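A.B. asks: Before anything else, here's the structure in question.
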Amino acid sequence: MLCATSRLLAARAAAASPAQPRARGPAPRCRRRELHFPGHPKLPLCGFLAGRLARLSVPTGRRAILRRGRMPPVVGGGSELRLRKGRCGPQVARALGPDVAAEAAARSPKRPAWGLRRFEAAGWWVSLALVTLLSFATRFHRLDEPRHVCWDETHFGKMGSYYINRTFFFDVHPPLGKMLIGLAGYLSGYDGTFMFQRPGDKYEQHNYMGMRRFCASLGSLLIPFAYLIVLELSKSLPAALLTAALLTFDTGCLTLSQYILLDPILMFFIMAAMLSMVKYNSCADRPFSAPWWFWLSLTGINLAGALGVKFVGLFIILQVGWNTISDLWHLFGDLSLSLVTMGKHLTARILCLIVLPLALYTATYAVHFMVLNKSGPGDGFFSSAFQARLAGNNLHNASIPEHLAYGSVITVKNLRMAIGYLHSHRHLYPEGIGARQQQVTTYLHKDYNNLWIIKKHNTNSDPLDPSFPVEFVRHGDIIRLEHKETSRNLHSHYHEAPLTRKHYQVTGYGINGTGDSNDFWRIEVVNRKFGNRIKVLRSRIRFIHLVTGCVLGSSGKILPKWGWEQVEVTCTPYLKETLNSIWNVEDHINPKLPNISLDVLQPSFPEILLESHMVMIRGNNGLKPNDNEFTSKPWHWPINYQGLRFSGINDTDFRVYLLGNPVVWWLNLLSIALYLLSGSIIAVAVQRGAHLPAEVEGLSEVLLRGGGQLLLGWVLHYFPFFLMGRVLYFHHYFPAMLFSSMLTGVLWDTLLRLCAWSLASFSLASSIHVLGVLSLVLGTAYSFYLFHPLAYGMVGPLAQDPRSPMAGLRWLESWDF
């Protein structure tokens, strides 16, 4: 029995012997126990029992009124008991008489409260197990279909192969996601030999399933993560189950989870970070305890994972950062905390949420550069010094002449990241695009068309003739650059550049090196740091056109198909020094000069890390859609306006179409609007000091705090896309969709509970909440039954054909499945 009951029995014994003098002295002590209802202050358990026992002496009708009007609401499936050691005063004995105590003993339940709590916890864990099992079952069903490359598998499967082969490549995203895909393939027996050239290529005997299983496993864990997040925020099992149903039965989440993509990996880390954050928030009353440190550190680890997969992982970092600032601000207002304690709180968060994620994020790059040590297709995106560290690159362990001389065959590389090498080819500019002369561009990859011969401007004699002495190129010399493959000179004139207005066109002109005065350029060393001679790799040089006075540079703009989608080269009349107009000499061939080793030029790890991020940021900003590629605008996404073809385009292909379950997505959209309305009303009422019943107050706390966290997550993962200039696709919305689904679960659970409370006088009021949640779950399950062919694959007539089994499900004209 609890200590309070013992005190009641003692009081009854004292009342039965009134002649005995009352003993003086301190009141007996017992272990203080507290009862905590979510959303309400903790109550001493003995005080709670006193209130409950006191009601036993009240008539039944009045007890019912008290129970409906004053008891704190049980927001979840039951109350949450938190017992602590402490002291318990004699308030129970003082509050109750012996008769009431005896009646309480007679009516006391046989099963203690701890048993009820264990029963409820067991129900939560059983539900979690069922949710997880259903999630894995839906994601792994028909995982091997189709047996060919689908959509972006051509990119990320290929990059996983590069890791297995240790071949360097370039991608606009950080490396962690691709490294994990490569690791999954390696551990499952994939040898990295499949080419992943284009969507539709058959896998045949190649073992691709390990990579798909890895992505499907992380995608399956999103549902139990969402379940636990909502359960922690609302303490409501129905809300958690409703959220799990929305995500389990969404065809879009299912489709993204079944292929070799970065999206399930990114969403896994985002949801794991969110779960860790709400868990360490729940430990706020036990700061610096083992669980508190565990969840705080795990939050930092997951933040590093999210950012290490894609840069949009920054959005969850912003959410955790806002939560941390709010938490510290609240602690700062607690005058009972010393400055030393505040310093400990601040230090703990700096270590776990800043230092630890940065260390892990940097470590992923260290592994990335250590594994990818062989030359590959990404070399040209990086500087010459970076390339010198890659085995197989022509600069690796190379020895080349140090100083530039006339007659040398060279490649000239632009110093702006992801611009590439000065390049020309036999194709001419089309009619109407300046002078119809040979195109000059920049090209990111190694190519024989990148080679140029440096010559004097006023002679055609061969500088490599053994009878001529070596003559070095010096700062301020007038030179010609002759394209080695076509023997045309680098040329400019007053014609307008193809894409950049007010810049001059740059072409290849002349025959066998013979041209005119528009082929003359003055070569200058920026700041003259290295003296008169020009050094290979190290000297930063500019080419000034002698006739027009313009500076050779690259605009960074991608030419149309007639320019082979290479980068535009112009001659700009604006002489301001920018990386676009600064070059360095990379390859250098001159048999008359001695060579030096390039090992001394290899960059340090911080320099490599910085250069990689510069290249990735520029690559992201320069992403443009390919022809016939489906892109979308951010306003399309929440309304499920248009899907995305993953595989197949006609009635004979196995077709997979990325589209959200319309019932789920439109319910989420409605829920966001209802939340903004109801949350605003409640917030205004609270701010104006309105007296809310206990039930409404508790549910309002859940709606404003828990729902507010989820709404913030949706906003942070959605609205930044309106500010981006890069190409956008439908799948970018799915992290935000996870938050909107969790908000839907919390909102409808709360609204149905409020509805049931307001109709408490009716006999069926208690069933409103259960029936409402069950209806939503069954509705989403039935809509999944209708639309599941979108994810698992369709064969036969397109939906536009009345004979198609999907014809009646084409609810919007923009759906082209």
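Following the order of the structure tokens, first chain is A, next is B, and so on, with residues numbered from 1 inside each chain and ligands from 1 in the order they appear.
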Taking the chain letters and numbering used in this document, name the residues of stretch 641-690 of chain A that DSSP puts in strand (DSSP E), as a ChimeraX atom specification.
C.D. replies: /A:644-647,656-658
A.B. asks: Enumerate as a CSV table (one decimal) with N, CA and C atoms, in the first residue's frame all residues of stretch 172-285 of chain A assigned to helix (DSSP H, G or I) by DSSP on the backbone, naming them with the chain letters and numbers the document uses.
C.D. replies:
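Result saved to result.csv:
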```csv
chain,number,residue,atom,x,y,z
A,176,LEU,N,28.0,11.7,-48.1
A,176,LEU,CA,27.6,10.7,-47.2
A,176,LEU,C,26.6,9.7,-47.8
A,177,GLY,N,25.5,10.2,-48.5
A,177,GLY,CA,24.5,9.3,-49.0
A,177,GLY,C,25.1,8.4,-50.1
A,178,LYS,N,25.9,8.9,-51.0
A,178,LYS,CA,26.5,8.0,-52.0
A,178,LYS,C,27.5,7.0,-51.4
A,179,MET,N,28.2,7.4,-50.4
A,179,MET,CA,29.1,6.5,-49.7
A,179,MET,C,28.3,5.3,-49.1
A,180,LEU,N,27.2,5.6,-48.5
A,180,LEU,CA,26.4,4.6,-47.8
A,180,LEU,C,25.8,3.7,-48.9
A,181,ILE,N,25.4,4.2,-50.0
A,181,ILE,CA,24.9,3.4,-51.1
A,181,ILE,C,26.0,2.5,-51.6
A,182,GLY,N,27.2,3.0,-51.8
A,182,GLY,CA,28.3,2.2,-52.3
A,182,GLY,C,28.7,1.1,-51.3
A,183,LEU,N,28.6,1.5,-50.0
A,183,LEU,CA,28.9,0.5,-48.9
A,183,LEU,C,27.9,-0.6,-48.9
A,184,ALA,N,26.6,-0.3,-49.0
A,184,ALA,CA,25.6,-1.3,-49.1
A,184,ALA,C,25.8,-2.2,-50.3
A,185,GLY,N,26.1,-1.7,-51.4
A,185,GLY,CA,26.4,-2.5,-52.6
A,185,GLY,C,27.6,-3.4,-52.4
A,186,TYR,N,28.6,-2.9,-51.8
A,186,TYR,CA,29.8,-3.7,-51.6
A,186,TYR,C,29.6,-4.8,-50.6
A,187,LEU,N,28.9,-4.5,-49.5
A,187,LEU,CA,28.6,-5.6,-48.5
A,187,LEU,C,27.6,-6.6,-49.0
A,209,MET,N,20.2,-5.5,-55.7
A,209,MET,CA,19.2,-5.5,-54.7
A,209,MET,C,19.7,-5.1,-53.3
A,210,GLY,N,21.0,-5.2,-53.1
A,210,GLY,CA,21.5,-4.8,-51.8
A,210,GLY,C,21.4,-3.3,-51.6
A,211,MET,N,21.6,-2.5,-52.7
A,211,MET,CA,21.4,-1.1,-52.6
A,211,MET,C,20.0,-0.7,-52.5
A,212,ARG,N,19.1,-1.4,-53.2
A,212,ARG,CA,17.7,-1.1,-53.0
A,212,ARG,C,17.2,-1.5,-51.6
A,213,ARG,N,17.6,-2.6,-51.1
A,213,ARG,CA,17.2,-3.0,-49.7
A,213,ARG,C,17.6,-2.0,-48.7
A,214,PHE,N,18.8,-1.5,-48.9
A,214,PHE,CA,19.3,-0.5,-47.9
A,214,PHE,C,18.5,0.8,-47.9
A,215,CYS,N,18.2,1.3,-49.1
A,215,CYS,CA,17.3,2.5,-49.2
A,215,CYS,C,15.9,2.2,-48.7
A,216,ALA,N,15.4,1.0,-49.0
A,216,ALA,CA,14.0,0.6,-48.5
A,216,ALA,C,14.0,0.5,-47.0
A,217,SER,N,15.1,0.0,-46.4
A,217,SER,CA,15.1,-0.1,-44.9
A,217,SER,C,15.0,1.2,-44.3
A,218,LEU,N,15.8,2.2,-44.8
A,218,LEU,CA,15.8,3.5,-44.2
A,218,LEU,C,14.4,4.2,-44.4
A,219,GLY,N,13.9,4.0,-45.6
A,219,GLY,CA,12.5,4.5,-45.9
A,219,GLY,C,11.5,3.9,-45.0
A,220,SER,N,11.6,2.6,-44.7
A,220,SER,CA,10.6,2.0,-43.8
A,220,SER,C,10.7,2.5,-42.4
A,222,LEU,N,11.0,5.5,-41.5
A,222,LEU,CA,10.4,6.8,-41.4
A,222,LEU,C,9.1,6.7,-40.6
A,223,ILE,N,8.3,5.7,-40.8
A,223,ILE,CA,7.0,5.5,-40.2
A,223,ILE,C,7.1,5.3,-38.7
A,224,PRO,N,7.9,4.4,-38.2
A,224,PRO,CA,8.0,4.3,-36.7
A,224,PRO,C,8.7,5.6,-36.1
A,225,PHE,N,9.5,6.3,-36.8
A,225,PHE,CA,10.1,7.5,-36.3
A,225,PHE,C,8.9,8.5,-36.2
A,226,ALA,N,8.1,8.7,-37.2
A,226,ALA,CA,7.0,9.6,-37.1
A,226,ALA,C,6.0,9.2,-36.0
A,227,TYR,N,5.8,7.9,-35.8
A,227,TYR,CA,4.9,7.4,-34.7
A,227,TYR,C,5.5,7.9,-33.4
A,228,LEU,N,6.8,7.7,-33.1
A,228,LEU,CA,7.4,8.1,-31.9
A,228,LEU,C,7.4,9.6,-31.6
A,229,ILE,N,7.6,10.3,-32.7
A,229,ILE,CA,7.7,11.8,-32.6
A,229,ILE,C,6.3,12.3,-32.1
A,230,VAL,N,5.2,11.9,-32.8
A,230,VAL,CA,3.9,12.3,-32.5
A,230,VAL,C,3.5,11.8,-31.1
A,231,LEU,N,3.9,10.6,-30.8
A,231,LEU,CA,3.6,10.1,-29.4
A,231,LEU,C,4.2,10.9,-28.3
A,232,GLU,N,5.4,11.3,-28.6
A,232,GLU,CA,6.2,12.2,-27.6
A,232,GLU,C,5.6,13.6,-27.5
A,233,LEU,N,5.1,14.1,-28.6
A,233,LEU,CA,4.6,15.5,-28.6
A,233,LEU,C,3.2,15.5,-28.1
A,234,SER,N,2.4,14.5,-28.3
A,234,SER,CA,1.0,14.6,-27.9
A,234,SER,C,0.6,13.6,-26.8
A,237,LEU,N,-1.8,7.9,-28.2
A,237,LEU,CA,-1.6,6.8,-29.1
A,237,LEU,C,-2.5,6.9,-30.4
A,238,PRO,N,-3.7,7.3,-30.4
A,238,PRO,CA,-4.5,7.4,-31.6
A,238,PRO,C,-3.8,8.4,-32.6
A,239,ALA,N,-3.3,9.5,-32.1
A,239,ALA,CA,-2.6,10.5,-33.0
A,239,ALA,C,-1.4,9.9,-33.6
A,240,ALA,N,-0.6,9.1,-32.9
A,240,ALA,CA,0.5,8.4,-33.4
A,240,ALA,C,0.1,7.4,-34.5
A,241,LEU,N,-0.9,6.6,-34.2
A,241,LEU,CA,-1.3,5.6,-35.2
A,241,LEU,C,-1.9,6.3,-36.4
A,242,LEU,N,-2.6,7.4,-36.3
A,242,LEU,CA,-3.1,8.1,-37.5
A,242,LEU,C,-2.0,8.6,-38.3
A,243,THR,N,-1.0,9.1,-37.7
A,243,THR,CA,0.2,9.6,-38.5
A,243,THR,C,0.9,8.5,-39.2
A,244,ALA,N,1.1,7.4,-38.5
A,244,ALA,CA,1.7,6.2,-39.1
A,244,ALA,C,0.9,5.7,-40.3
A,245,ALA,N,-0.4,5.7,-40.2
A,245,ALA,CA,-1.3,5.3,-41.3
A,245,ALA,C,-1.1,6.2,-42.5
A,246,LEU,N,-1.1,7.5,-42.3
A,246,LEU,CA,-1.0,8.5,-43.4
A,246,LEU,C,0.3,8.2,-44.2
A,247,LEU,N,1.4,8.0,-43.5
A,247,LEU,CA,2.7,7.8,-44.2
A,247,LEU,C,2.8,6.4,-44.7
A,248,THR,N,2.3,5.4,-44.1
A,248,THR,CA,2.3,4.0,-44.6
A,248,THR,C,1.6,3.9,-45.9
A,251,THR,N,1.5,6.7,-51.4
A,251,THR,CA,2.2,6.1,-52.5
A,251,THR,C,3.4,6.8,-52.9
A,252,GLY,N,3.5,8.1,-52.6
A,252,GLY,CA,4.7,8.9,-52.9
A,252,GLY,C,5.9,8.5,-52.0
A,253,CYS,N,5.7,8.4,-50.7
A,253,CYS,CA,6.7,8.0,-49.8
A,253,CYS,C,7.1,6.5,-50.1
A,254,LEU,N,6.2,5.7,-50.5
A,254,LEU,CA,6.5,4.3,-50.8
A,254,LEU,C,7.4,4.3,-52.0
A,255,THR,N,7.1,5.0,-53.1
A,255,THR,CA,7.9,5.0,-54.3
A,255,THR,C,9.3,5.5,-54.0
A,256,LEU,N,9.5,6.6,-53.3
A,256,LEU,CA,10.8,7.1,-53.1
A,256,LEU,C,11.7,6.1,-52.3
A,257,SER,N,11.0,5.3,-51.5
A,257,SER,CA,11.8,4.4,-50.6
A,257,SER,C,12.2,3.1,-51.3
A,263,ASP,N,16.9,10.3,-51.4
A,263,ASP,CA,15.8,10.8,-50.7
A,263,ASP,C,15.5,10.0,-49.4
A,264,PRO,N,15.4,8.7,-49.5
A,264,PRO,CA,15.1,8.0,-48.2
A,264,PRO,C,16.2,8.1,-47.2
A,265,ILE,N,17.5,8.3,-47.6
A,265,ILE,CA,18.6,8.5,-46.7
A,265,ILE,C,18.5,9.8,-46.0
A,266,LEU,N,18.2,10.9,-46.8
A,266,LEU,CA,18.0,12.2,-46.3
A,266,LEU,C,16.9,12.3,-45.3
A,267,MET,N,15.7,11.7,-45.7
A,267,MET,CA,14.5,11.8,-44.8
A,267,MET,C,14.8,11.0,-43.5
A,268,PHE,N,15.5,9.9,-43.6
A,268,PHE,CA,15.9,9.1,-42.4
A,268,PHE,C,16.6,10.0,-41.4
A,269,PHE,N,17.6,10.7,-41.8
A,269,PHE,CA,18.4,11.5,-40.9
A,269,PHE,C,17.6,12.7,-40.4
A,270,ILE,N,16.7,13.3,-41.3
A,270,ILE,CA,15.9,14.4,-40.8
A,270,ILE,C,14.9,13.9,-39.7
A,271,MET,N,14.2,12.8,-39.9
A,271,MET,CA,13.3,12.3,-38.9
A,271,MET,C,14.0,11.8,-37.7
A,272,ALA,N,15.2,11.2,-37.8
A,272,ALA,CA,16.0,10.8,-36.7
A,272,ALA,C,16.4,12.0,-35.8
A,273,ALA,N,16.8,13.1,-36.5
A,273,ALA,CA,17.2,14.3,-35.8
A,273,ALA,C,16.0,14.9,-35.0
A,274,MET,N,14.8,14.9,-35.7
A,274,MET,CA,13.6,15.4,-35.0
A,274,MET,C,13.2,14.6,-33.8
A,275,LEU,N,13.3,13.3,-34.0
A,275,LEU,CA,13.0,12.4,-32.9
A,275,LEU,C,13.9,12.6,-31.7
A,276,SER,N,15.2,12.7,-32.0
A,276,SER,CA,16.2,12.9,-30.9
A,276,SER,C,15.9,14.2,-30.2
A,277,MET,N,15.6,15.3,-31.0
A,277,MET,CA,15.3,16.6,-30.4
A,277,MET,C,14.1,16.5,-29.4
A,278,VAL,N,13.0,15.9,-29.8
A,278,VAL,CA,11.9,15.9,-28.9
A,278,VAL,C,12.1,15.0,-27.7
A,279,LYS,N,13.0,14.0,-27.9
A,279,LYS,CA,13.3,13.1,-26.8
A,279,LYS,C,14.2,13.9,-25.8
A,280,TYR,N,15.2,14.7,-26.2
A,280,TYR,CA,16.0,15.4,-25.2
A,280,TYR,C,15.2,16.6,-24.6
A,281,ASN,N,14.2,17.1,-25.4
A,281,ASN,CA,13.3,18.1,-24.7
A,281,ASN,C,12.5,17.4,-23.6
A,282,SER,N,12.1,16.2,-23.7
A,282,SER,CA,11.4,15.5,-22.7
A,282,SER,C,12.2,15.2,-21.5
```
A.B. asks: Tell me which of A:Ser766, A:Thr652, A:Ser775, A:Thr441 sits closest to A:Gly553, counting only C-alpha atoms.
C.D. replies: A:Thr441
A.B. asks: Using only C-alpha atoms, pick whichever of A:Val547, A:Ala398, A:Ala363, A:Leu130 has the shortest atom-to-atom distance to A:Asp599.
C.D. replies: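 Residue with the minimum atom-to-atom distance to A:Asp599: A:Ala398.
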A.B. asks: Env of stretch 492-494 of chain A: 6 Å cut, atoms = only C-alpha atoms, seq-sep filter 3 positions within chain, self excluded. Answer as a PyMOL selection string.
C.D. replies: chain A and resi 504-506+518
A.B. asks: For the selection just defined, write its residues with N, CA, C and O atoms to a file, as an mmCIF file, in the first residue's frame.
C.D. replies:
```cif
data_model
loop_
_atom_site.group_PDB
_atom_site.id
_atom_site.type_symbol
_atom_site.label_atom_id
_atom_site.label_comp_id
_atom_site.auth_asym_id
_atom_site.auth_seq_id
_atom_site.Cartn_x
_atom_site.Cartn_y
_atom_site.Cartn_z
ATOM 1 N N TYR A 504 32.178 40.787 -75.990
ATOM 2 C CA TYR A 504 32.553 40.516 -77.376
ATOM 3 C C TYR A 504 32.702 39.015 -77.608
ATOM 4 O O TYR A 504 33.042 38.248 -76.707
ATOM 5 N N GLN A 505 32.451 38.623 -78.833
ATOM 6 C CA GLN A 505 32.544 37.219 -79.229
ATOM 7 C C GLN A 505 34.011 36.782 -79.306
ATOM 8 O O GLN A 505 34.881 37.544 -79.708
ATOM 9 N N VAL A 506 34.273 35.539 -78.911
ATOM 10 C CA VAL A 506 35.603 34.939 -79.033
ATOM 11 C C VAL A 506 35.478 33.751 -79.977
ATOM 12 O O VAL A 506 34.592 32.909 -79.818
ATOM 13 N N ASN A 518 43.608 40.766 -84.902
ATOM 14 C CA ASN A 518 42.646 40.435 -83.844
ATOM 15 C C ASN A 518 43.009 39.125 -83.140
ATOM 16 O O ASN A 518 42.280 38.691 -82.245
#
```
A.B. asks: For the atom pair atom CA of A:Val525 and atom CA of A:Asp465, what is the interatomic distance in Å to one decimal place?
C.D. replies: 27.2 Å
A.B. asks: Identify which of the residues A:Ser647, A:Asn165, A:Gln800, A:Asn302 lies closest to A:Trp151, counting only C-alpha atoms when measuring atom-to-atom distances.
C.D. replies: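 Checking each candidate against A:Trp151, we get A:Ser647 as the closest.
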A.B. asks: Determine the nearest neighbour of A:Leu790 from the options A:Gln709, A:Gln197, A:Asn661, A:Ser671, counting only C-alpha atoms.
C.D. replies: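 Counting only C-alpha atoms, the residue closest to A:Leu790 is A:Asn661.
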A.B. asks: Do a neighbour search on stretch 535-544 of chain A at 8 Å with only C-alpha atoms, toss out local chain neighbours closer than 3 positions, and write the hits as a ChimeraX atom specification.
C.D. replies: /A:384-385,401-404,521-526,529-530,549-552,581-588
A.B. asks: Okay, now the selection with N, CA and C atoms, as a short mmCIF file (atom, residue, chain, number, x, y, z; two decimals), in the first residue's frame?
C.D. replies:
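To be explicit, this is the file written out as result39.cif:
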```cif
data_model
loop_
_atom_site.label_atom_id
_atom_site.label_comp_id
_atom_site.auth_asym_id
_atom_site.auth_seq_id
_atom_site.Cartn_x
_atom_site.Cartn_y
_atom_site.Cartn_z
N SER A 384 44.01 22.43 -60.79
CA SER A 384 45.13 21.61 -61.23
C SER A 384 45.84 20.99 -60.04
N ALA A 385 46.01 21.76 -58.96
CA ALA A 385 46.69 21.23 -57.78
C ALA A 385 45.89 20.09 -57.17
N PRO A 401 57.88 21.06 -67.28
CA PRO A 401 58.69 22.28 -67.21
C PRO A 401 58.03 23.33 -66.32
N GLU A 402 58.84 24.03 -65.56
CA GLU A 402 58.31 24.97 -64.58
C GLU A 402 57.88 26.28 -65.21
N HIS A 403 58.64 26.80 -66.17
CA HIS A 403 58.37 28.11 -66.74
C HIS A 403 57.89 27.98 -68.18
N LEU A 404 56.95 28.84 -68.52
CA LEU A 404 56.33 28.82 -69.85
C LEU A 404 57.28 29.40 -70.89
N TRP A 521 47.20 38.90 -78.28
CA TRP A 521 46.81 39.03 -76.87
C TRP A 521 48.05 39.38 -76.04
N ARG A 522 47.86 40.23 -75.08
CA ARG A 522 48.93 40.54 -74.12
C ARG A 522 48.71 39.69 -72.86
N ILE A 523 49.73 38.95 -72.48
CA ILE A 523 49.63 38.07 -71.32
C ILE A 523 50.19 38.80 -70.11
N GLU A 524 49.42 38.79 -69.02
CA GLU A 524 49.80 39.50 -67.80
C GLU A 524 49.70 38.57 -66.60
N VAL A 525 50.65 38.70 -65.70
CA VAL A 525 50.61 37.96 -64.44
C VAL A 525 49.95 38.85 -63.40
N VAL A 526 48.88 38.34 -62.75
CA VAL A 526 48.15 39.12 -61.75
C VAL A 526 49.08 39.44 -60.59
N LYS A 529 53.32 38.42 -58.92
CA LYS A 529 53.85 37.80 -57.71
C LYS A 529 55.08 36.96 -57.97
N PHE A 530 55.22 36.44 -59.16
CA PHE A 530 56.28 35.46 -59.41
C PHE A 530 57.33 36.00 -60.39
N GLY A 549 40.96 45.81 -76.32
CA GLY A 549 41.24 46.08 -74.91
C GLY A 549 40.43 45.26 -73.94
N CYS A 550 39.68 44.29 -74.45
CA CYS A 550 38.84 43.47 -73.56
C CYS A 550 39.67 42.35 -72.95
N VAL A 551 39.08 41.67 -71.95
CA VAL A 551 39.77 40.61 -71.21
C VAL A 551 39.09 39.27 -71.49
N LEU A 552 39.90 38.27 -71.82
CA LEU A 552 39.35 36.94 -72.07
C LEU A 552 38.79 36.35 -70.78
N SER A 581 37.90 35.79 -65.29
CA SER A 581 38.86 36.26 -66.29
C SER A 581 40.31 35.93 -65.91
N ILE A 582 40.49 35.07 -64.92
CA ILE A 582 41.84 34.69 -64.50
C ILE A 582 42.05 33.21 -64.81
N TRP A 583 43.22 32.89 -65.34
CA TRP A 583 43.53 31.55 -65.81
C TRP A 583 44.86 31.10 -65.23
N ASN A 584 45.11 29.80 -65.36
CA ASN A 584 46.46 29.31 -65.09
C ASN A 584 46.81 28.24 -66.12
N VAL A 585 48.10 28.06 -66.35
CA VAL A 585 48.57 27.04 -67.29
C VAL A 585 48.70 25.73 -66.52
N GLU A 586 48.04 24.69 -67.05
CA GLU A 586 48.06 23.40 -66.34
C GLU A 586 49.02 22.43 -67.02
N ASP A 587 48.61 21.81 -68.11
CA ASP A 587 49.52 20.93 -68.85
C ASP A 587 50.57 21.76 -69.58
N HIS A 588 51.78 21.26 -69.63
CA HIS A 588 52.86 22.01 -70.28
C HIS A 588 53.84 21.00 -70.89
#
```
A.B. asks: Return the single residue from A:Ser399, A:Ser612, A:Asn650, A:Thr486 that is closest to A:Val795, with distances computed using only C-alpha atoms.
C.D. replies: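 Of all the options, A:Asn650 lies closest to A:Val795.
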A.B. asks: Give me, as JSON, numbers by chain, all polymer residues having an atom no more than 9 Å from A:Ala388, counting only C-alpha atoms and skipping those fewer than 6 positions away in the same chain.
C.D. replies: {"A": [394, 395, 396, 397, 398, 598, 599, 601, 602, 603]}
A.B. asks: Separation of atom CA of A:Phe520 and atom CA of A:Leu481, in Å?
C.D. replies: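 Computed distance, atom CA of A:Phe520 to atom CA of A:Leu481, equals 8.3 Å.
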A.B. asks: Which neighbours of stretch 153-157 of chain A fall inside 10 Å, counting only C-alpha atoms, when residues of the same chain fewer than 3 positions from it are skipped, and could you give them as a PyMOL selection string?
C.D. replies: chain A and resi 148-150+160-162+171+177-179+181-182+185+192+194-201+208+211-212+259-262+646
A.B. asks: Which one of A:Trp748, A:Phe136, A:Phe605, A:Tyr509 sits closest to A:Phe386 if you count only C-alpha atoms?
C.D. replies: A:Phe605
A.B. asks: Just give me the gap between atom CA of A:Val172 and atom CA of A:Gly378 in Å, one decimal is fine.
C.D. replies: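 Atom CA of A:Val172 sits 11.1 Å away from atom CA of A:Gly378.
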